[in-house]
>>> print(open('input_17.cif').read())   # mmCIF, C-alpha atoms
data_upload
loop_
_atom_site.group_PDB
_atom_site.id
_atom_site.type_symbol
_atom_site.label_atom_id
_atom_site.label_comp_id
_atom_site.auth_asym_id
_atom_site.auth_seq_id
_atom_site.Cartn_x
_atom_site.Cartn_y
_atom_site.Cartn_z
ATOM 1 C CA MET A 1 -55.213 69.250 -10.607
ATOM 2 C CA ALA A 2 -52.109 71.428 -10.359
ATOM 3 C CA LYS A 3 -52.537 71.718 -6.572
ATOM 4 C CA ILE A 4 -52.772 67.938 -6.240
ATOM 5 C CA LEU A 5 -49.656 67.471 -8.359
ATOM 6 C CA ILE A 6 -47.715 70.051 -6.351
ATOM 7 C CA SER A 7 -48.893 68.451 -3.091
ATOM 8 C CA LEU A 8 -47.807 64.996 -4.265
ATOM 9 C CA VAL A 9 -44.391 66.307 -5.323
ATOM 10 C CA MET A 10 -43.937 67.986 -1.915
ATOM 11 C CA ILE A 11 -44.985 64.852 -0.010
ATOM 12 C CA PHE A 12 -42.685 62.672 -2.103
ATOM 13 C CA SER A 13 -39.802 65.121 -1.568
ATOM 14 C CA LEU A 14 -40.285 65.059 2.193
ATOM 15 C CA CYS A 15 -40.557 61.258 2.285
ATOM 16 C CA SER A 16 -37.534 60.750 0.091
ATOM 17 C CA CYS A 17 -35.470 62.941 2.419
ATOM 18 C CA ALA A 18 -36.550 60.999 5.492
ATOM 19 C CA TRP A 19 -33.717 58.491 5.065
ATOM 20 C CA MET A 20 -31.134 61.266 5.088
ATOM 21 C CA ARG A 21 -29.346 61.517 8.385
ATOM 22 C CA PRO A 22 -27.698 64.861 9.119
ATOM 23 C CA GLY A 23 -24.002 64.307 9.686
ATOM 24 C CA PHE A 24 -24.140 60.709 8.393
ATOM 25 C CA GLU A 25 -20.633 59.490 7.595
ATOM 26 C CA SER A 26 -20.088 56.670 5.126
ATOM 27 C CA PRO A 27 -18.685 53.516 6.674
ATOM 28 C CA THR A 28 -15.080 52.569 6.111
ATOM 29 C CA ILE A 29 -14.341 49.212 4.528
ATOM 30 C CA GLN A 30 -10.898 47.752 5.148
ATOM 31 C CA VAL A 31 -9.502 44.636 3.514
ATOM 32 C CA THR A 32 -7.973 42.813 6.470
ATOM 33 C CA ARG A 33 -7.291 39.433 4.898
ATOM 34 C CA PHE A 34 -7.044 38.081 1.372
ATOM 35 C CA SER A 35 -6.166 34.409 1.076
ATOM 36 C CA VAL A 36 -6.323 31.604 -1.439
ATOM 37 C CA MET A 37 -8.841 28.840 -0.743
ATOM 38 C CA GLU A 38 -8.963 25.319 -2.099
ATOM 39 C CA SER A 39 -10.540 25.593 -5.540
ATOM 40 C CA GLN A 40 -13.494 23.614 -6.796
ATOM 41 C CA GLY A 41 -12.844 23.203 -10.494
ATOM 42 C CA LEU A 42 -10.491 25.275 -12.601
ATOM 43 C CA ALA A 43 -11.246 28.746 -11.269
ATOM 44 C CA PRO A 44 -9.328 29.875 -8.177
ATOM 45 C CA ARG A 45 -11.239 30.675 -4.969
ATOM 46 C CA PHE A 46 -10.424 33.350 -2.423
ATOM 47 C CA ALA A 47 -11.509 34.362 1.056
ATOM 48 C CA ILE A 48 -11.647 38.113 1.535
ATOM 49 C CA THR A 49 -12.206 39.454 5.024
ATOM 50 C CA LEU A 50 -13.542 42.973 5.266
ATOM 51 C CA ASN A 51 -13.704 45.096 8.392
ATOM 52 C CA ILE A 52 -16.686 47.453 8.141
ATOM 53 C CA ILE A 53 -16.480 50.431 10.488
ATOM 54 C CA ASN A 54 -19.589 52.418 11.399
ATOM 55 C CA HIS A 55 -18.551 55.981 12.340
ATOM 56 C CA ASN A 56 -22.087 57.000 13.243
ATOM 57 C CA ARG A 57 -24.170 56.989 16.405
ATOM 58 C CA GLN A 58 -26.985 55.053 14.707
ATOM 59 C CA PRO A 59 -26.681 51.328 13.962
ATOM 60 C CA LEU A 60 -26.004 50.395 10.363
ATOM 61 C CA GLU A 61 -28.519 47.888 9.057
ATOM 62 C CA ILE A 62 -27.008 46.443 5.889
ATOM 63 C CA ASP A 63 -29.522 44.677 3.648
ATOM 64 C CA GLY A 64 -26.906 43.561 1.151
ATOM 65 C CA LEU A 65 -23.417 44.040 -0.167
ATOM 66 C CA SER A 66 -22.296 43.900 -3.775
ATOM 67 C CA TYR A 67 -18.615 43.987 -4.574
ATOM 68 C CA ALA A 68 -16.089 43.850 -7.376
ATOM 69 C CA LEU A 69 -12.358 43.319 -7.138
ATOM 70 C CA GLU A 70 -9.856 44.190 -9.836
ATOM 71 C CA VAL A 71 -6.253 43.010 -9.703
ATOM 72 C CA GLU A 72 -3.834 44.862 -11.959
ATOM 73 C CA GLU A 73 -6.924 46.528 -13.529
ATOM 74 C CA ILE A 74 -8.344 43.137 -14.536
ATOM 75 C CA PRO A 75 -11.882 42.432 -13.218
ATOM 76 C CA LEU A 76 -11.305 39.274 -11.229
ATOM 77 C CA LEU A 77 -14.008 38.844 -8.591
ATOM 78 C CA THR A 78 -17.607 39.997 -8.376
ATOM 79 C CA GLY A 79 -20.381 38.965 -6.098
ATOM 80 C CA VAL A 80 -23.076 39.744 -3.594
ATOM 81 C CA LYS A 81 -23.737 38.870 0.036
ATOM 82 C CA SER A 82 -27.007 39.253 1.875
ATOM 83 C CA ASP A 83 -26.583 37.712 5.334
ATOM 84 C CA LEU A 84 -24.754 40.616 6.923
ATOM 85 C CA PRO A 85 -24.653 41.536 10.598
ATOM 86 C CA ARG A 86 -26.042 44.746 12.073
ATOM 87 C CA ILE A 87 -23.208 47.106 12.918
ATOM 88 C CA GLU A 88 -23.915 49.076 16.072
ATOM 89 C CA GLY A 89 -23.060 52.753 16.308
ATOM 90 C CA PHE A 90 -19.364 53.523 16.709
ATOM 91 C CA SER A 91 -18.365 49.910 16.211
ATOM 92 C CA GLU A 92 -16.993 47.577 13.585
ATOM 93 C CA GLN A 93 -17.727 44.129 12.242
ATOM 94 C CA LYS A 94 -15.734 41.610 10.220
ATOM 95 C CA VAL A 95 -17.381 40.054 7.152
ATOM 96 C CA THR A 96 -15.769 37.223 5.186
ATOM 97 C CA LEU A 97 -16.570 36.741 1.515
ATOM 98 C CA SER A 98 -15.898 33.412 -0.223
ATOM 99 C CA VAL A 99 -15.563 34.105 -3.903
ATOM 100 C CA THR A 100 -14.617 32.314 -7.090
ATOM 101 C CA ALA A 101 -12.529 34.188 -9.629
ATOM 102 C CA ASP A 102 -13.541 34.774 -13.230
ATOM 103 C CA LEU A 103 -11.683 31.993 -15.054
ATOM 104 C CA LEU A 104 -10.882 33.859 -18.280
ATOM 105 C CA ASN A 105 -9.743 36.996 -16.495
ATOM 106 C CA SER A 106 -7.671 34.832 -14.137
ATOM 107 C CA LEU A 107 -5.925 33.366 -17.167
ATOM 108 C CA ASP A 108 -5.290 36.901 -18.427
ATOM 109 C CA LEU A 109 -3.694 37.813 -15.092
ATOM 110 C CA ILE A 110 -1.551 34.648 -15.146
ATOM 111 C CA SER A 111 -0.465 35.545 -18.673
ATOM 112 C CA GLN A 112 0.604 38.986 -17.456
ATOM 113 C CA LEU A 113 2.517 37.355 -14.604
ATOM 114 C CA THR A 114 4.476 35.097 -16.901
ATOM 115 C CA ARG A 115 5.432 38.076 -19.085
ATOM 116 C CA GLN A 116 6.307 40.348 -16.155
ATOM 117 C CA PRO A 117 6.935 38.387 -12.933
ATOM 118 C CA ARG A 118 6.518 40.396 -9.723
ATOM 119 C CA ASP A 119 5.570 39.962 -6.090
ATOM 120 C CA GLN A 120 3.272 42.979 -5.588
ATOM 121 C CA PHE A 121 -0.096 43.516 -7.289
ATOM 122 C CA THR A 122 -2.379 46.524 -7.192
ATOM 123 C CA TYR A 123 -6.037 45.967 -6.424
ATOM 124 C CA THR A 124 -9.206 48.011 -6.405
ATOM 125 C CA LEU A 125 -12.165 46.893 -4.321
ATOM 126 C CA ARG A 126 -15.526 48.524 -4.944
ATOM 127 C CA ALA A 127 -18.292 47.720 -2.514
ATOM 128 C CA LYS A 128 -21.857 48.958 -2.388
ATOM 129 C CA LEU A 129 -23.723 48.658 0.882
ATOM 130 C CA ASN A 130 -27.503 48.665 0.607
ATOM 131 C CA ILE A 131 -29.048 50.086 3.763
ATOM 132 C CA GLY A 132 -32.721 50.050 2.879
ATOM 133 C CA TRP A 133 -35.028 50.471 -0.036
ATOM 134 C CA LEU A 134 -35.563 54.200 0.518
ATOM 135 C CA ALA A 135 -31.887 55.030 0.951
ATOM 136 C CA PRO A 136 -29.366 55.083 -1.859
ATOM 137 C CA GLY A 137 -26.557 52.566 -1.623
ATOM 138 C CA ILE A 138 -23.286 53.606 -0.034
ATOM 139 C CA THR A 139 -20.396 53.017 -2.407
ATOM 140 C CA VAL A 140 -16.900 52.609 -0.995
ATOM 141 C CA GLU A 141 -13.732 52.157 -3.038
ATOM 142 C CA LYS A 142 -10.465 50.881 -1.619
ATOM 143 C CA GLN A 143 -7.152 50.594 -3.434
ATOM 144 C CA GLY A 144 -3.961 48.947 -2.287
ATOM 145 C CA GLU A 145 -1.361 46.301 -2.951
ATOM 146 C CA ILE A 146 -1.349 42.550 -2.448
ATOM 147 C CA SER A 147 1.860 40.605 -1.946
ATOM 148 C CA LEU A 148 2.118 37.183 -3.564
ATOM 149 C CA ARG A 149 3.945 35.945 -0.456
ATOM 150 C CA THR A 150 1.004 36.776 1.826
ATOM 151 C CA LEU A 151 -1.431 34.941 -0.474
ATOM 152 C CA THR A 152 0.482 31.687 -0.310
ATOM 153 C CA ARG A 153 0.657 31.510 3.513
#
>>> encode(input="input_17.cif", output="structure tokens")
Amino acid sequence: MAKILISLVMIFSLCSCAWMRPGFESPTIQVTRFSVMESQGLAPRFAITLNIINHNRQPLEIDGLSYALEVEEIPLLTGVKSDLPRIEGFSEQKVTLSVTADLLNSLDLISQLTRQPRDQFTYTLRAKLNIGWLAPGITVEKQGEISLRTLTR
């Protein structure tokens, strides 16, 4: 019984390492565009364009993407996307997300704006790329600033 258990543990360990790619480098996710869309209802809508860069020789097959965006440390946008393109080795691909903001958190952000008007906002984008059921997700975090002027163009 002990030999069977040890054998199963060894087989599982070898299989679970099969997804690992020596020298695999996590993709880079860049926010290349963030614009306001026409809203449907009270909650604002945004289009976020991401540029996903694959630094590896092997193609990146992305099964899904989950993301969250905070503006001024307020959780504003969350969502998922499943129809993502294959990203060939040493290449990049643009992905556009159409998202609706959390209404209550949007009101909180507007309240902050009325108390402290400003043109620049900090943001944090967290994205998790799922690249298969055997592989763990790849989490990427990006921080930066958004200008109110660029959103209204």
>>> closest_residue(input="input_17.cif", among="A:Asp63, A:Asp102, A:Glu25, A:Glu73", to="A:Leu134", atoms="only C-alpha atoms")
A:Asp63
>>> resolve_selection(input="input_17.cif", expression="the PyMOL selection byres ((chain A and resi 31) around 7)", output="ChimeraX atom specification")
/A:29-30,32-33,49-51
>>> resolve_selection(input="input_17.cif", expression="the PyMOL selection byres ((chain A and resi 126) around 9)", output="JSON, numbers by chain")
{"A": [66, 67, 68, 69, 70, 124, 125, 127, 128, 139, 140, 141, 142, 143]}
>>> write_last_selection(input="input_17.cif", atoms="C-alpha atoms", output="PDB file, in the frame of the given file")
ATOM      1  CA  SER A  66     -22.296  43.900  -3.775  1.00  0.00           C
ATOM      2  CA  TYR A  67     -18.615  43.987  -4.574  1.00  0.00           C
ATOM      3  CA  ALA A  68     -16.089  43.850  -7.376  1.00  0.00           C
ATOM      4  CA  LEU A  69     -12.358  43.319  -7.138  1.00  0.00           C
ATOM      5  CA  GLU A  70      -9.856  44.190  -9.836  1.00  0.00           C
ATOM      6  CA  THR A 124      -9.206  48.011  -6.405  1.00  0.00           C
ATOM      7  CA  LEU A 125     -12.165  46.893  -4.321  1.00  0.00           C
ATOM      8  CA  ALA A 127     -18.292  47.720  -2.514  1.00  0.00           C
ATOM      9  CA  LYS A 128     -21.857  48.958  -2.388  1.00  0.00           C
ATOM     10  CA  THR A 139     -20.396  53.017  -2.407  1.00  0.00           C
ATOM     11  CA  VAL A 140     -16.900  52.609  -0.995  1.00  0.00           C
ATOM     12  CA  GLU A 141     -13.732  52.157  -3.038  1.00  0.00           C
ATOM     13  CA  LYS A 142     -10.465  50.881  -1.619  1.00  0.00           C
ATOM     14  CA  GLN A 143      -7.152  50.594  -3.434  1.00  0.00           C
TER      15      GLN A 143
END
>>> resolve_selection(input="input_17.cif", expression="the PyMOL selection byres ((chain A and resi 97) around 6)", output="ChimeraX atom specification")
/A:47-48,96,98
>>> write_last_selection(input="input_17.cif", atoms="C-alpha atoms", output="JSON list (two decimals), keeping the file's coordinate frame")
[["chain", "number", "residue", "atom", "x", "y", "z"],
["A", 47, "ALA", "CA", -11.51, 34.36, 1.06],
["A", 48, "ILE", "CA", -11.65, 38.11, 1.54],
["A", 96, "THR", "CA", -15.77, 37.22, 5.19],
["A", 98, "SER", "CA", -15.90, 33.41, -0.22]]
>>> atom_distance(input="input_17.cif", atom1="atom CA of A:Trp133", atom2="atom CA of A:Glu88")
19.6 Å
>>> closest_residue(input="input_17.cif", among="A:Pro75, A:Val80, A:Ala101, A:Lys94", to="A:Pro44", atoms="all atoms listed in the file")
A:Ala101
>>> atom_distance(input="input_17.cif", atom1="atom CA of A:Phe34", atom2="atom CA of A:Gly89")
26.4 Å
>>> closest_residue(input="input_17.cif", among="A:Gly64, A:Leu113, A:Val95, A:Thr100", to="A:Leu129", atoms="all atoms listed in the file")
A:Gly64
>>> closest_residue(input="input_17.cif", among="A:Ser111, A:Gln40, A:Gln58, A:Ser35", to="A:Gly23", atoms="only C-alpha atoms")
A:Gln58
>>> axis_aligned_box(input="input_17.cif", around="stretch 117-120 of chain A", padding_each_side="5 Å", output="AutoDock Vina command-line options")
--center_x 5.1 --center_y 40.7 --center_z -9.3 --size_x 13.7 --size_y 14.6 --size_z 17.3
>>> residues_near_point(input="input_17.cif", point="(-21.7, 58.3, 4.5)", cutoff="9 Å", atoms="only C-alpha atoms", output="ChimeraX atom specification")
/A:23-28,55-56,138-139
>>> atom_distance(input="input_17.cif", atom1="atom CA of A:Ser147", atom2="atom CA of A:Val36")
12.2 Å
>>> closest_residue(input="input_17.cif", among="A:Ile53, A:Leu107, A:Leu148, A:Ile131", to="A:Glu92", atoms="only C-alpha atoms")
A:Ile53
>>> closest_residue(input="input_17.cif", among="A:Ala135, A:Val99, A:Ile110, A:Ile146", to="A:Glu38", atoms="all atoms listed in the file")
A:Val99
